[in-house]
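Remarks on the structure that follows.
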Amino acid sequence: MKLDIICSTKKTVCVVFKPSSRGRWISNGFPAFTLNGCELSYVSTFRYLEHVINDVLNDDDDDIKAKLSTNMLISRCSLKVKLLLFKSYCMSLYDVAFWKYISVTVFNKFWSCYNKCIKKLFGYTRLDSTSRILINLSYS
């Protein structure tokens with residue numbers, strides 16, 4: 001079968017997603033994949049649509065990037081722009097499928113970071129209620 005697509009062998013990688021239980025492993029080694037005569041490399045993490053995904057099916061590595069992005073937004077954007085970005089990107093459920101594999105510890109870190117970012121982004125104190133902030137912002 002012939003496909004009419006162009007793939008960059010420099011950007012294309014393989015990843016083997018590990019099962020949650022070590023007893024379910026089938027093999028430690030996998031055959032080489034080739035594309036246009038070039039052997040593709042195996043990696044444990046990769047970036048897809050600006051998300052860092054790893055071989056244990058989570059995106060924990062995005063945490064640092066989120067903090068840096070929030071700091072940049074705080075200093076450079078108006079309230080109107082912040083609200084638009086927040087409603088577009090922070091309230092969506094994109095990548096929700098990964099939450100099935102998230103540990104309680106990582107979820108709690110995410111929840112804490114999410115609340116801190118909202119408060120910092122919109123100029124509230126750490127003692128302010130996140131629910132009240134979201135209600136206030138919905139009327140802005």
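Please note that chains go A, B, ... in the order of the structure tokens, that every chain numbers its residues from 1, and that ligands are numbered from 1 in the order shown.
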
Report task. Can you check which residues of chain A DSSP gives as helix (DSSP H, G or I) on the backbone and send them as a PyMOL selection string? Result -> chain A and resi 22-24+60-76+79-90+96-101+104-121+130-138

Report task. List every residue of chain A that DSSP, applied to the backbone, labels as strand (DSSP E or B), and write the result as JSON, numbers by chain. Result -> {"A": [14, 34, 35, 38, 39, 42, 45, 46, 47, 48, 51, 52, 53, 54]}

Report task. Fewer than 5 positions away in the same chain doesn't count, so skip those; otherwise give me all residues within 9 Å of region 82-89 of chain A, counting only C-alpha atoms, as a list in words. Result -> Leu73, Ile74, Cys77, Tyr94, Ile118, Leu121, Phe122, Leu137, Ser138 and Ser140 of chain A

Report summary line: Pairwise distance, CA of Thr9 (chain A) with CA of Cys38 (chain A), equals 6.8 Å

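Excluding region 25-31 of chain A itself and any same-chain residue fewer than 2 positions from it, the protein and nucleic acid residues within 12 Å of it, counting only C-alpha atoms, are A:Cys14, A:Val15, A:Val16, A:Phe17, A:Lys18, A:Pro19, A:Ser20, A:Ser21, A:Arg22, A:Gly23, A:Phe33, A:Thr34, A:Glu39, A:Leu40, A:Ser41, A:Tyr42.
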
Query raised in the report: Do you know which residues are at most 8 Å from Thr45 (chain A) counting only C-alpha atoms, after dropping those on the same chain fewer than 4 positions away, and could you put them as an NGL selection string?
Result: :A and (15 or 52-55)

Report summary line: Using only C-alpha atoms, the residue out of A:Lys100, A:Lys80, A:Arg24, A:Lys119 with shortest distance to Leu57 (chain A) is A:Lys100

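Proximity of A:Lys120, A:Gly37, A:Val106, A:Trp111 to Met72 (chain A), computed with only C-alpha atoms, is greatest for A:Lys120.
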
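CA of Val104 (chain A) is found 23.7 Å from CA of Arg47 (chain A).
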
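Using only C-alpha atoms, the nearest neighbour of Ser78 (chain A) within the list A:Gly123, A:Ser131, A:Lys2, A:His51 is A:Gly123.
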
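For the atom pair formed by CA of Val13 (chain A) and CA of Val43 (chain A), the distance is 6.7 Å, given to one decimal.
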